[in-house]
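The block underneath contains the structure these notes are about, expressed in structure tokens.
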Amino acid sequence: MSRLFHDGLIVFLIIGVLMNREDAMMTALLNTPFQVFDLVKTLILSACLWNGLFNIIQASGIISRLSFLFQPVLYWIYGKNQEKEVYDYLASNLLANLLGLGTLATLSGLKAIQALNKSKHHRRSIIILVVINTAGFSIIPTTMMTLRQSYHSLDVLSFYPYSLIIGLTITLLGIVLTKVFVHE
């Protein structure tokens, strides 16, 4: 991959020179660090905001209550043979995914995997957890909205219906296929 990037860069530089676009190339090269810094700053601050709100939800004990509300869904996805601690981690992971908080979903997913490794029915549950995290279905896609807003999109939510349909389809398909093909 690095070879492809290296060769592509050389080809594009040659094309830029042949087309007499040196000024535009230098301007883009010099502006890139500022654009990257602004993007990273926006994403980190957004993640801090949403992660802080999610930590407040966890600390207030709402996750335990939401775990009870999510129980039918979690039972369908993972089965009824898990401990309460595992379901709390799985509910936390599901909520973080639904809120579009990828970093928090990863952290709660790792905690859920650690708890699942202690149980005897863990292989398929871990695979399903990875499928759910990879599919990225979210009701409030905060990262995508932040990215679109930082690039001054005229309609920040124009992707939303497609995101819901595609994310839900991929998630359900992944869960069903995992249940069909992976046996304990």
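Chain identifiers are assigned as A, B, and so on, following the order in which chains appear in the structure tokens; residues are numbered from 1 within each chain, and ligands are numbered from 1 in order of appearance.
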
| request: Could you tell me, as a PyMOL selection string, which residues of stretch 40-174 of chain A DSSP assigns to alpha helix (DSSP H) when given the backbone? | output: chain A and resi 40-59+62-78+84-98+102-117+123-135+142-150+160-174

The residue from A:Glu85, A:Thr106, A:Val131, A:Asn97 with the smallest atom-to-atom distance to A:Lys118, counting only C-alpha atoms, is A:Glu85

Which neighbours of stretch 34-50 of chain A fall inside 9 Å, counting only C-alpha atoms, when residues of the same chain fewer than 5 positions from it are skipped, and could you give them as a PyMOL selection string?
chain A and resi 55+99+101-104+142-143+146-147+150-151

Just to be explicit: take each residue in the selection above, keep C-alpha atoms, and write the result as a PDB file, in the first residue's frame.
ATOM      1  CA  ASN A  55     -20.142   8.968  30.978  1.00  0.00           C
ATOM      2  CA  LEU A  99     -25.730   7.302  19.545  1.00  0.00           C
ATOM      3  CA  LEU A 101     -20.153   7.135  19.573  1.00  0.00           C
ATOM      4  CA  GLY A 102     -17.658   4.804  17.942  1.00  0.00           C
ATOM      5  CA  THR A 103     -14.842   5.244  20.465  1.00  0.00           C
ATOM      6  CA  LEU A 104     -17.104   4.588  23.435  1.00  0.00           C
ATOM      7  CA  THR A 142     -22.876  12.230  15.616  1.00  0.00           C
ATOM      8  CA  THR A 143     -19.498  11.768  13.936  1.00  0.00           C
ATOM      9  CA  THR A 146     -19.904  16.725  12.862  1.00  0.00           C
ATOM     10  CA  LEU A 147     -17.837  16.004   9.765  1.00  0.00           C
ATOM     11  CA  SER A 150     -17.166  21.093   9.726  1.00  0.00           C
ATOM     12  CA  TYR A 151     -17.058  21.054   5.902  1.00  0.00           C
TER      13      TYR A 151
END

From atom CA of A:Ser2 to atom CA of A:Met19 the spacing works out at 25.6 Å

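In this structure, atom CA of A:Val180 sits 11.4 Å away from atom CA of A:Ile128.
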
**Report entry** Spatial neighbours of A:Thr134, max dist 9 Å, only C-alpha atoms, sep filter under 4 positions, as an MDAnalysis selection string
**Finding:** chainID A and resid 129:130 171

Using C-alpha atoms, can you write the selected residues to a file as a compact mmCIF listing (two decimals), in the first residue's frame?
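Saved file again20.txt follows:
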# COMPACT_ATOMS: atom_id res chain seq x y z
CA LEU A 129 -20.61 -7.95 18.96
CA VAL A 130 -17.86 -7.34 16.41
CA THR A 171 -26.54 -5.01 11.10
